[in-house]
Every structure is written in structure tokens, then in C-alpha cells.
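A.B. asks: Quick one: structure below, then a few questions.
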Amino acid sequence: MIAVQLLLLALITAAMAADGAGPPSAVRHLYLVPTLWAALGAGAAGGGLIGLLAGLLQAPLVLPAIERMGLGSRTLDGLVSLVTPVSVGWLVGLLVDASRGRAARLRAVLEIQRSLGREVPLEERLESVAEGVRAALGAQRVGLVVTAEDESRAPVAVPSGPGFDERSAAGLAQRTGRPVWVEDLRSDPRLGAPAEGGPTPIRGLVLPLDAGRGAVGALAIEREGDLTPAVRVAAEEMAMHLALAIENARLTLRQRRFAEELERKVEAATARLRELDQAKSEFLSVVSHELRTPLTALQGFSELLLTRAVPPERARRFLGHLHGEAQRLGRIVAELLDLSRIQAGRPLELRREAVDLNEVIERNVELFAAEHRGHQFGWAGCPRGLTLEADQDAVDRMLKNLLSNAVKYSPAGGRVAVAAGPAPDQPGMVELSVEDDGVGIATEDLPRIFDRYMRIANPETAAARGLGLGLSLVKALAEAHGGRVEVDSLPGKGSRFRVLLPG
Amino acid sequence: MLLLSAPFDAARRGHGAPIAAPCALAAGAALLGAAAGLWIELQGGGPPGLGRSAAAAILHAGFFAVGWILATDGRPGWPRPALSMAAAFLAASVGNRLSSWGVAAFLLVPLVLVGVSRGHAELRRIGLAWPKGLLPLTAGLGVGIFLGAHLLVTSSLTFGYGVRVANAGAYLSAVGYDVGISALTAEWLFRGALFSRWWRRWRFWPAAALATAVGVARYLLDPALASAVEVRAGAVFYMALLGVGCCALRAWSGSLLPGYSATVVFFAAYRLLAP
């Protein structure tokens with residue numbers, strides 16, 4: 001390219017010499033053509049060089065005229081013609097360089113943002129960004145170090161090679177947040193480099209990547225020859241853009257993770273709601289069934305007593321059935337009322353008194369033993385002096401529910417052990433436990449068994465009746481006393497429920 | 001990449017030996033030697049001009065020695081190459097003065113420099129290396145030819161200086177002196193040692209401007225330069241252009257050879273000028 005402009009210069013000079021008009025020759029203005037051409041093509045260096053040559057080529061015509069005629073208006077015009085090409089070439093070249101630099105920086109900045117937003121590993125993204133910065137700055141090598149968000153992880157550095165050293169210039173810039181400038185990488189003693197060096201100095205510049213919230217990494221630039229103030233400013237701009245882009249990329253990543261987590265939570269909550277809805281439907285079906293059974297019995301026996309002459313003994317037995325079914329109906333209604341109270345967020349009304357735990361347990365064990373002869377009930381009695389300040393009715397209902405569950409979920413019969421005494425691991429608490437060797441509960445189901453309407457599906461216990469309220473009531477009653485319920489269970493081995501109440 | 005992988009000790013400073021003392025020693029010895037040569041000339045010892053030639057050779061040997069000290073950051077061992085080159089300069093100058101074929105001795109001096117610098121890899125950083133390809137050498141010759149031609153045309157048109165070779169022997173002797181001593185030491189010291197050293201610290205333009213200014217000053221202080229105003233103004237103009245051009249060639253090519261070629265060609269043209 002420059003050869004064409006040199007040829008043009010020679011032709012114009014020859015034309016001027018042939019013109020014979022000396023310095024005022026109009027041909028001299030043509031020197032601006034190759035000068036501007038070079039400036040537009042090769043920037044300040046090209047424009048300046050061709051302009052300088054144009055000036056020098058005119059000198060043998062201008063200087064003798066000055067020598068002959070002195071510095072007059074004509075010769076002064078020639079003198080201006082000497083310096084015009086070099087100044088125009090240089091200035092236009094500077095503007096071209098600045099414009100190209102800005103365009104390259106803009107391209108690099110866009111490339112940085114595009115690269116960092118891609119769905120590829122961070123190292124690959126940084127390689128692409130480093131290459132973009134290298135091309136924009138005309139550097140030989142560009143390196144990047146980016147700290148991991150999680151401080152326990154090593155920073156990511158490109159180009160990959162000998163690896164990133166925390167004690168390096170990049171590490172220093174990242175730690176201190178200040179740039180590091182190296183005049184010649186091959187001879188700077190701070191790098192422990194040998195003093196031999198090469199014919200051209202290699203400048204080194206490390207800039208911290210800081211968007212205002214501390215350095216997130218460092219940008220390292222190695223450039224042969226000069227690293228002009230314009231290049232340095234461009235590098236600083238890019239470091240700032242890079243820091244912002246990294247922050248944005250991290251923010252986007254965090255938002256994406258948060259959105260994914262939220263989606264998972266919403267899915268889980270929706271599934272749970274569906275489960276509860278299903279449980280509630282089942283509950284309504286069970287409730288209507290549970291209410292209808294005693295009502296049917298009540299209707300049937302009362303109708304028999306009213307419409308037929310029943311012998312006294314048989315009538316008495318019927319009345320016993322009527323009483324039992326009425327009691328059962330009463331328990332269901334009580335449970336439903338309690339449930340309604342819990343759902344409304346009203347506290348359960350407790351009547352605290354000194355409870356004879358021994359008597360409550362003994363009575364219930366005898367009752368259940370009489371009703372469920374296939375099971376073996378074990379009860380060794382309370383330690384002497386054990387007192388409990390609680391609502392007797394509530395304790396009774398808790399025990400009944402636990403015993404009922406123990407029986408219900410040991411369909412093949414088996415052992416049901418009841419124990420009470422001071423909790424060995426909870427000073428000041430009284431423990432009431434019911435243990436069975438029934439079907440047990442799967443670990444994943446344990447967190448849900450105290451939920452309302454919840455009945456864990458099990459083929460062995462599918463026939464068991466219940467509202468799915470028992471354990472939730474036990475929990476609510478225990479908590480109303482300031483206590484809690486705990487459960488240990490292994491599928492196929494059995495379960496142990498432990499009610500802990502303040503003594 | 002060194003900036004990422006090499007440990008960086010921010011507190012560590014330069015490890016070079018002090019250079020002021022050896023530079024002063026070399027410069028002092030050269031001045032003494034030159035003075036001795038001039039004294040011999042004044043005393044009429046030997047053929048006419050021999051003492052002056054010896055003085056010039058010793059002075060350039062001083063330039064070479066200072067350049068070597070700067071290039072090697074004052075490492076010990078500089079006197080040996082400095083004395084070798086001083087001997088080569090002296091031998092060529094005396095040989096040229098004593099015999100008409102002695103001018104050929106100047107052509108051997110660059111070869112002596114190549115031999116002396118063998119084994120000193122650190123001299124690559126001042127540009128003591130072959131350029132890559134022929135383009136830098138061609139560019140160097142182009143700069144020399146352009147400036148030389150420009151000098152001849154401008155001087156003849158402006159001041160009426162003639163362009164001729166009155167005495168072929170004297171012309172060859174002068175060109176030989178430029179090839180073997182003057183241009184060689186100019187490139188070695190101003191572009192090699194000084195410009196390279198300053199370029200490593202600063203950017204191109206300040207380094208080139210200062211190295212060129214020192215080079216121009218050296219020519220202005222040369223007693224052989226005519227005292228006419230136009231000659232001195234011309235010397236400043238062309239030596240400045242040549243100096244900056246040689247710095248640019250050195251920076252671009254990484255070698256001193258293109259600048260050396262430019263200087264030799266320019267001075268070959270300059271020697272054609274006759275008032």
C-alpha cells in the first residue's frame with residue numbers, strides 16, 4: 001500500500017520539476033493526495049511518514065528560492081507547503097487511529113458482553129473475552145483471572161498454561177485493587193526475569209477488575225513496543241466493562257438459580273397442596289362413612305326397640321350397643337370439634353389437674369386388651385412418685401389415639417408396650433410411650449404423619465378405619481401442654497411414639 | 001504468561017551494577033588517549049595525520065566502551081572487549097594512514113565487533129542481531145539513499161555546493177572510516193545502548209528524541225565539522241532526521257543493521273559534497 005503512495009510522491013515531484021514554476025507550482029497541492037491516502041490507510045504513522053517525505057521532496061525547490069529571494073510572501077507560501085503535508089497527514093492519521101481505536105473498543109466491549117452471556121463453561125467464555133481484548137488493544141497476549149464466587153474455590157485463569165500464581169502481578173493487582181505496570185517483562189527484576197531481555201521491550205499492564213465492589217479479578221496485558229496512553233485508557237475502559245459484565249453475569253446466574261429453586265419449591269408446594277386436597281376429599285368420604293356407621297346402628301336398634309317386642313335381656317344388649325355407638329359418635333364429633341378449633345387457630349382448652357397416670361394407662365390398656373384379643377399389651381406400671389400436671393381428658397385421648405394406631409397398624413396382632421416415667425434425656429419432662437411391632441413407617445413418610453387428614457398408604461393396613469386426625473390431635477394436645485411428640489420407626493419392624501409432657 | 005504465573009516481588013529493585021564509575025573510567029581513558037594522540041600529532045611524531053587519526057580512533061573506542069557498559073548494565077568484564085575494539089580501531093586508522101590499501105582494514109572492524117560480542121547473548125537487547133528478512137535492510141538503505149540524495153540536491157541547489165569526488169583515495173578513506181568507526185560507534189552507542197536503554201524505561205518518542213539529541217550534539221562537537229552556519233544547521237537537520245529514522249528502524253526491525261546501513265549510505269553521500 002505504502003509503495004503506491006511513494007510512487008505517487010515521486011510522480012508529483014517529477015511533475016513539479018517539469019513544471020518549472022518553482023515553489024508556487026499548483027502541482028504541490030497534489031502532495032496531499034498520497035498523504036491523506038496514507039493517513040486514511042495506515043493512520044498517524046503512515047500519514048506522518050508520507051507527509052514528511054512530501055515536505056522533504058519539496059525542500060530542494062523551496063529552500064533555494066528562499067536563499068535567492070529571502071523570506072517573502074511567495075517563499076513563505078512555499079515554506080507553508082513544506083509543513084502542510086506532514087501536519088495534515090499526521091493529524092488526519094491521529095483522527096483515523098482514534099476512530100479505529102474507538103470502534104475496536106466498542107466491538108470488544110460488545111464481544112465481552114456477548115461472550116460472558118453464553119451458556120458455556122466460564123473458562124471458555126474468558127478465553128473468548130481475552131482474545132477479543134487482545135485484538136482490540138493490539139497486544140501480544142492477554143490474560144484474565146476471575147475469582148470464584150465461592151471463596152473456597154480456586155480462581156479461573158486464562159490462558160491456561162503454567163497456571164495462576166497468587167504471588168504474581170495479577171494476584172497483587174487483584175488483592176490490592178491497584179494496577180501494576182511493568183516496563184519490560186524480560187528484564188524487570190521484580191519478575192525475577194533474566195537481565196538479557198530482547199531487542200524490543202515487552203510492556204506489561206495488570207488492571208484490577210473492579211466495578212466498585214472490590215476486585216473480582218484482574219486483566220493482564222503484554223504488548224511489544226509501546227503501550228501508549230490511548231491503549232492504556234482503552235484497557236482501563238475494557239477492564240471496567242469486564243468487571244461490570246462479570247458482575248452482571250454472576251447476578252444473572254444467581255437470579256437463574258433463584259428462579260429454579262423457586263420453581264422447585266412451588267412445584268413441591270403444589271404437589272403438597274394436591275396431596276392435602278386429596279386427603280381432605282378422602283377425609284370427607286371417611287367422615288361420612290364413620291358417621292353413618294354408628295348412626296345406622298342407632299337407627300336400626302332404636303327402630304327394633306320401638307317396633308318390636310324385644311325380650312328384656314335382648315333389649316338390654318341392644319341398649320348397650322346403642323350406648324357404645326353413641327359414645328363412638330361422640331368421640332368422632334369431639335375429634336371434629338378439636339380439628340375445627342385447631343384449623344381456626346384457637347388454642348385447645350385444657351383443664352390442668354394432677355393426673356394419676358398409672359390409673360389412666362391401666363384403664364386404657366385393659367380396655368384395648370379386652371377389645372383386641374389378638375394383641376399382647378404390656379404395661380409395667382409407673383415409677384413411684386411420678387406426678388403429672390395435665391388435662392386428664394387430653395392425656396386419655398392421646399393415649400387412646402396412640403393405642404388405637406398401634407393396634408390398627410399391627411394387623412396381624414403382636415406386642416403393644418406402654419411405658420411412662422421421667423424422660424431420661426429430657427430433665428423435667430414426663431415420657432409416655434407406646435411401642436408396637438407393626439408395619440412401621442417409611443423414613444420419607446415420617447415428616448408427614450402428624451399432618452391433618454394424612455393416612456399413609458400401606459397395602460397391609462388398607463382396611464384400617466380412621467379419619468387421619470389421630471396423630472395430628474396428639475401433636476396438638478402435646479404442644480398445648482408445652483410438650484411434643486417424637487417417633488422412631490422402621491418399616492417392617494414397628495414404631496415407637498413418645499409423648500413428652502412437662503412434669 | 002509471566003504476569004499470571006511468575007511470582008512478582010514489588011519491593012525488589014534493579015540488580016544491575018553501578019554504571020557511572022565504569023562509564024567515567026572508560027570516558028576518561030578515551031579522553032586521555034585522544035589527548036596523547038593529538039600531542040603526538042603536535043609533536044610531529046610519525047607521519048602527518050597519524051596522531052589525529054589515532055586520537056579519533058581512541059575517542060570512538062571510548063564511545064564503544066561506554067556503549068558496552070550501558071548495554072550490559074555495568075557487568076564486570078567490559079575492559080576486554082573495549083580494549084579489543086580500541087585495538088581494532090587503532091589498527092585500522094593507522095593502517096589507513098600508512099598505506100593506500102589500509103582502507104580495507106576498516107571493513108574488518110565490523111567483523112571484529114561480531115567476534116568480540118560472540119557469547120554475549122545480552123547484547124541482543126541493544127539490537128546486535130540480524131534483522132528478519134531483507135525488508136529492514138532495504139528500508140535502511142532507502143532511508144540512507146533518500147536523505148543522502150536530499151542532502152546533495154538541497155545543498156547544491158541552495159548553497160551551490162558541488163557534488164564530486166576530487167580524490168578517490170581520500171573519498172574511500174573517509175567512507176572506510178565511516179564504515180569501520182564513525183557509523184559503527186554511532187549506531188552502537190546512540191541507537192544501541194542509549195535508545196534501547198531509554199526505550200525500555202519510556203516510550204519510543206522520548207527515547208528517540210533524547211538519543212538523537214545526544215547524537216546530534218556529538219556531531220556538533222566534532223572539530224572536523226565546518227563552522228559555517230548553513231553546515232551546522234544542515235547537520236542538525238539531517239542528523240536529527242537520520243537519528244530518528246535509525247531509532248525507528250532499530251525499533252521496527254529489532255536490529256542495528258538497518259540503521260547502520262542508512263548511516264553509512266548517508267555519510268557516503270555526504271562525503272561527495274565539496275564547498
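Every chain in the C-alpha cells takes a letter, A first, then B, and so on in the order presented; its residues are numbered from 1, and the ligands are numbered from 1 following the presented order.
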Considering only C-alpha atoms, return as JSON, numbers by chain whatever protein or nucleic-acid residues lie within 9 Å of Thr263 in chain B, sequence-local ones (same chain, fewer than 6 positions apart) excluded.
C.D. replies: {"B": [140, 141, 143, 144, 178, 179, 183, 184, 186, 187, 242, 243, 246]}
A.B. asks: Can you tell me, as a PDB file with C-alpha atoms, in the first residue's frame, what residues are no more than 9 Å from Thr252 in chain A when counting only C-alpha atoms, ignoring any on the same chain fewer than 5 positions away?
C.D. replies:
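What landed in part06.pdb:
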```pdb
ATOM      1  CA  GLY A 117     -23.598 -14.243  28.483  1.00  0.00           C
ATOM      2  CA  GLU A 247     -20.903  -8.816  37.970  1.00  0.00           C
ATOM      3  CA  ARG A 257     -30.549 -20.314  40.275  1.00  0.00           C
TER       4      ARG A 257
END
```
A.B. asks: Write down as a PyMOL selection string the residues belonging to range 388-455 of chain A that are assigned alpha helix (DSSP H) by DSSP computed on the backbone.
C.D. replies: chain A and resi 392-408
A.B. asks: Store the residues of this selection in a file with N, CA and C atoms, as a JSON list (two decimals), in the first residue's frame.
C.D. replies:
```
[["chain", "number", "residue", "atom", "x", "y", "z"],
["A", 392, "GLN", "N", -56.59, -34.28, 82.19],
["A", 392, "GLN", "CA", -56.72, -35.74, 82.21],
["A", 392, "GLN", "C", -57.39, -36.26, 80.94],
["A", 393, "ASP", "N", -58.41, -35.54, 80.51],
["A", 393, "ASP", "CA", -59.13, -35.98, 79.31],
["A", 393, "ASP", "C", -58.21, -35.98, 78.09],
["A", 394, "ALA", "N", -57.36, -34.92, 78.03],
["A", 394, "ALA", "CA", -56.43, -34.83, 76.90],
["A", 394, "ALA", "C", -55.44, -35.98, 76.93],
["A", 395, "VAL", "N", -54.91, -36.29, 78.14],
["A", 395, "VAL", "CA", -53.96, -37.40, 78.25],
["A", 395, "VAL", "C", -54.65, -38.71, 77.84],
["A", 396, "ASP", "N", -55.85, -38.84, 78.27],
["A", 396, "ASP", "CA", -56.61, -40.03, 77.94],
["A", 396, "ASP", "C", -56.79, -40.16, 76.43],
["A", 397, "ARG", "N", -57.10, -39.04, 75.76],
["A", 397, "ARG", "CA", -57.33, -39.09, 74.33],
["A", 397, "ARG", "C", -56.04, -39.35, 73.57],
["A", 398, "MET", "N", -54.95, -38.76, 74.07],
["A", 398, "MET", "CA", -53.66, -39.00, 73.42],
["A", 398, "MET", "C", -53.33, -40.49, 73.48],
["A", 399, "LEU", "N", -53.50, -41.08, 74.67],
["A", 399, "LEU", "CA", -53.17, -42.49, 74.85],
["A", 399, "LEU", "C", -54.06, -43.38, 73.99],
["A", 400, "LYS", "N", -55.35, -43.02, 73.98],
["A", 400, "LYS", "CA", -56.29, -43.82, 73.18],
["A", 400, "LYS", "C", -55.89, -43.79, 71.70],
["A", 401, "ASN", "N", -55.55, -42.60, 71.21],
["A", 401, "ASN", "CA", -55.16, -42.47, 69.81],
["A", 401, "ASN", "C", -53.92, -43.30, 69.51],
["A", 402, "LEU", "N", -52.94, -43.22, 70.40],
["A", 402, "LEU", "CA", -51.70, -43.96, 70.17],
["A", 402, "LEU", "C", -51.95, -45.46, 70.22],
["A", 403, "LEU", "N", -52.74, -45.88, 71.20],
["A", 403, "LEU", "CA", -53.03, -47.31, 71.30],
["A", 403, "LEU", "C", -53.84, -47.77, 70.08],
["A", 404, "SER", "N", -54.80, -46.93, 69.69],
["A", 404, "SER", "CA", -55.63, -47.26, 68.53],
["A", 404, "SER", "C", -54.77, -47.44, 67.28],
["A", 405, "ASN", "N", -53.80, -46.51, 67.10],
["A", 405, "ASN", "CA", -52.89, -46.61, 65.94],
["A", 405, "ASN", "C", -52.05, -47.87, 66.04],
["A", 406, "ALA", "N", -51.52, -48.14, 67.25],
["A", 406, "ALA", "CA", -50.66, -49.31, 67.44],
["A", 406, "ALA", "C", -51.41, -50.58, 67.06],
["A", 407, "VAL", "N", -52.63, -50.65, 67.42],
["A", 407, "VAL", "CA", -53.43, -51.83, 67.11],
["A", 407, "VAL", "C", -53.75, -51.88, 65.62],
["A", 408, "LYS", "N", -54.14, -50.67, 65.11],
["A", 408, "LYS", "CA", -54.57, -50.59, 63.72],
["A", 408, "LYS", "C", -53.44, -50.98, 62.76]]
```
A.B. asks: Can you work out which one of B:Ala149, B:Val175, B:Ile58, B:Leu107 has the shortest atom-to-atom distance to chain A, counting only C-alpha atoms?
C.D. replies: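 Of B:Ala149, B:Val175, B:Ile58, B:Leu107, the one nearest chain A, counting only C-alpha atoms, is B:Ala149.
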A.B. asks: Please report as a list in words which residues of chain B come no farther than 7 Å from chain A, using only C-alpha atoms.
C.D. replies: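 Only these qualify: Leu3, Leu4, Ser5, Ala6, Pro7, Phe8, Asp9, Ala10, Arg12, Arg13, Gly14, His15, Ala121, Glu122, Arg124, Arg125, Ile126, Gly127, Val153, Thr154, Leu157, Thr158, Arg200, Arg201, Arg203, Phe204, Ala251 and Gly254 of chain B.
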A.B. asks: Kindly export the residues of the current selection with N, CA and C atoms, as a PDB file, in the first residue's frame.
C.D. replies:
```pdb
ATOM      1  N   LEU B   3       2.818 -12.503  33.681  1.00  0.00           N
ATOM      2  CA  LEU B   3       2.067 -11.661  34.617  1.00  0.00           C
ATOM      3  C   LEU B   3       1.100 -12.483  35.473  1.00  0.00           C
ATOM      4  N   LEU B   4       0.776 -13.682  35.007  1.00  0.00           N
ATOM      5  CA  LEU B   4      -0.146 -14.532  35.750  1.00  0.00           C
ATOM      6  C   LEU B   4       0.572 -15.616  36.540  1.00  0.00           C
ATOM      7  N   SER B   5       1.706 -16.058  35.985  1.00  0.00           N
ATOM      8  CA  SER B   5       2.315 -17.255  36.573  1.00  0.00           C
ATOM      9  C   SER B   5       3.607 -16.993  37.334  1.00  0.00           C
ATOM     10  N   ALA B   6       4.314 -15.896  37.024  1.00  0.00           N
ATOM     11  CA  ALA B   6       5.609 -15.675  37.683  1.00  0.00           C
ATOM     12  C   ALA B   6       5.427 -14.905  38.986  1.00  0.00           C
ATOM     13  N   PRO B   7       6.075 -15.338  40.053  1.00  0.00           N
ATOM     14  CA  PRO B   7       5.999 -14.571  41.303  1.00  0.00           C
ATOM     15  C   PRO B   7       6.516 -13.151  41.086  1.00  0.00           C
ATOM     16  N   PHE B   8       5.816 -12.186  41.673  1.00  0.00           N
ATOM     17  CA  PHE B   8       6.141 -10.770  41.454  1.00  0.00           C
ATOM     18  C   PHE B   8       6.508 -10.156  42.801  1.00  0.00           C
ATOM     19  N   ASP B   9       7.768  -9.683  42.876  1.00  0.00           N
ATOM     20  CA  ASP B   9       8.224  -9.084  44.127  1.00  0.00           C
ATOM     21  C   ASP B   9       8.250  -7.571  43.944  1.00  0.00           C
ATOM     22  N   ALA B  10       7.179  -6.899  44.420  1.00  0.00           N
ATOM     23  CA  ALA B  10       7.034  -5.457  44.171  1.00  0.00           C
ATOM     24  C   ALA B  10       8.143  -4.644  44.828  1.00  0.00           C
ATOM     25  N   ARG B  12      11.302  -5.488  45.062  1.00  0.00           N
ATOM     26  CA  ARG B  12      12.625  -5.721  44.505  1.00  0.00           C
ATOM     27  C   ARG B  12      12.976  -4.649  43.481  1.00  0.00           C
ATOM     28  N   ARG B  13      14.188  -4.180  43.533  1.00  0.00           N
ATOM     29  CA  ARG B  13      14.633  -3.153  42.596  1.00  0.00           C
ATOM     30  C   ARG B  13      15.713  -3.735  41.681  1.00  0.00           C
ATOM     31  N   GLY B  14      16.268  -2.872  40.806  1.00  0.00           N
ATOM     32  CA  GLY B  14      17.254  -3.289  39.808  1.00  0.00           C
ATOM     33  C   GLY B  14      18.433  -4.039  40.397  1.00  0.00           C
ATOM     34  N   HIS B  15      18.917  -5.021  39.629  1.00  0.00           N
ATOM     35  CA  HIS B  15      20.042  -5.798  40.134  1.00  0.00           C
ATOM     36  C   HIS B  15      21.332  -5.479  39.381  1.00  0.00           C
ATOM     37  N   ALA B 121      24.948 -12.989  24.879  1.00  0.00           N
ATOM     38  CA  ALA B 121      23.541 -13.000  24.425  1.00  0.00           C
ATOM     39  C   ALA B 121      22.806 -11.741  24.864  1.00  0.00           C
ATOM     40  N   GLU B 122      23.278 -11.129  25.942  1.00  0.00           N
ATOM     41  CA  GLU B 122      22.582  -9.949  26.451  1.00  0.00           C
ATOM     42  C   GLU B 122      22.648  -8.778  25.469  1.00  0.00           C
ATOM     43  N   ARG B 124      21.778  -8.840  22.507  1.00  0.00           N
ATOM     44  CA  ARG B 124      20.608  -8.886  21.602  1.00  0.00           C
ATOM     45  C   ARG B 124      19.633  -7.766  21.951  1.00  0.00           C
ATOM     46  N   ARG B 125      19.596  -7.412  23.239  1.00  0.00           N
ATOM     47  CA  ARG B 125      18.593  -6.414  23.631  1.00  0.00           C
ATOM     48  C   ARG B 125      18.945  -5.008  23.144  1.00  0.00           C
ATOM     49  N   ILE B 126      20.208  -4.784  22.714  1.00  0.00           N
ATOM     50  CA  ILE B 126      20.506  -3.469  22.125  1.00  0.00           C
ATOM     51  C   ILE B 126      20.369  -3.534  20.605  1.00  0.00           C
ATOM     52  N   GLY B 127      20.032  -4.710  20.100  1.00  0.00           N
ATOM     53  CA  GLY B 127      19.799  -4.840  18.663  1.00  0.00           C
ATOM     54  C   GLY B 127      20.969  -5.446  17.920  1.00  0.00           C
ATOM     55  N   VAL B 153      21.102  17.228  -3.262  1.00  0.00           N
ATOM     56  CA  VAL B 153      20.285  18.112  -4.113  1.00  0.00           C
ATOM     57  C   VAL B 153      20.072  19.460  -3.430  1.00  0.00           C
ATOM     58  N   THR B 154      19.661  19.413  -2.169  1.00  0.00           N
ATOM     59  CA  THR B 154      19.364  20.661  -1.465  1.00  0.00           C
ATOM     60  C   THR B 154      20.612  21.524  -1.317  1.00  0.00           C
ATOM     61  N   LEU B 157      21.592  22.918  -4.752  1.00  0.00           N
ATOM     62  CA  LEU B 157      20.655  23.928  -5.265  1.00  0.00           C
ATOM     63  C   LEU B 157      20.625  25.177  -4.388  1.00  0.00           C
ATOM     64  N   THR B 158      20.698  24.966  -3.097  1.00  0.00           N
ATOM     65  CA  THR B 158      20.538  26.099  -2.183  1.00  0.00           C
ATOM     66  C   THR B 158      21.832  26.891  -2.004  1.00  0.00           C
ATOM     67  N   ARG B 200      13.364   1.036  26.937  1.00  0.00           N
ATOM     68  CA  ARG B 200      12.845   0.079  27.921  1.00  0.00           C
ATOM     69  C   ARG B 200      12.164   0.794  29.085  1.00  0.00           C
ATOM     70  N   ARG B 201      12.614   2.029  29.372  1.00  0.00           N
ATOM     71  CA  ARG B 201      12.047   2.770  30.502  1.00  0.00           C
ATOM     72  C   ARG B 201      10.865   3.648  30.084  1.00  0.00           C
ATOM     73  N   ARG B 203       8.587   5.606  26.527  1.00  0.00           N
ATOM     74  CA  ARG B 203       8.017   5.230  25.227  1.00  0.00           C
ATOM     75  C   ARG B 203       8.985   5.580  24.110  1.00  0.00           C
ATOM     76  N   PHE B 204       8.592   5.274  22.850  1.00  0.00           N
ATOM     77  CA  PHE B 204       9.503   5.440  21.721  1.00  0.00           C
ATOM     78  C   PHE B 204       9.958   6.893  21.539  1.00  0.00           C
ATOM     79  N   ALA B 251      13.804   0.119  16.249  1.00  0.00           N
ATOM     80  CA  ALA B 251      12.610  -0.334  16.983  1.00  0.00           C
ATOM     81  C   ALA B 251      11.787  -1.298  16.135  1.00  0.00           C
ATOM     82  N   GLY B 254      14.279  -4.512  15.265  1.00  0.00           N
ATOM     83  CA  GLY B 254      14.950  -5.170  16.389  1.00  0.00           C
ATOM     84  C   GLY B 254      16.443  -5.337  16.134  1.00  0.00           C
TER      85      GLY B 254
END
```
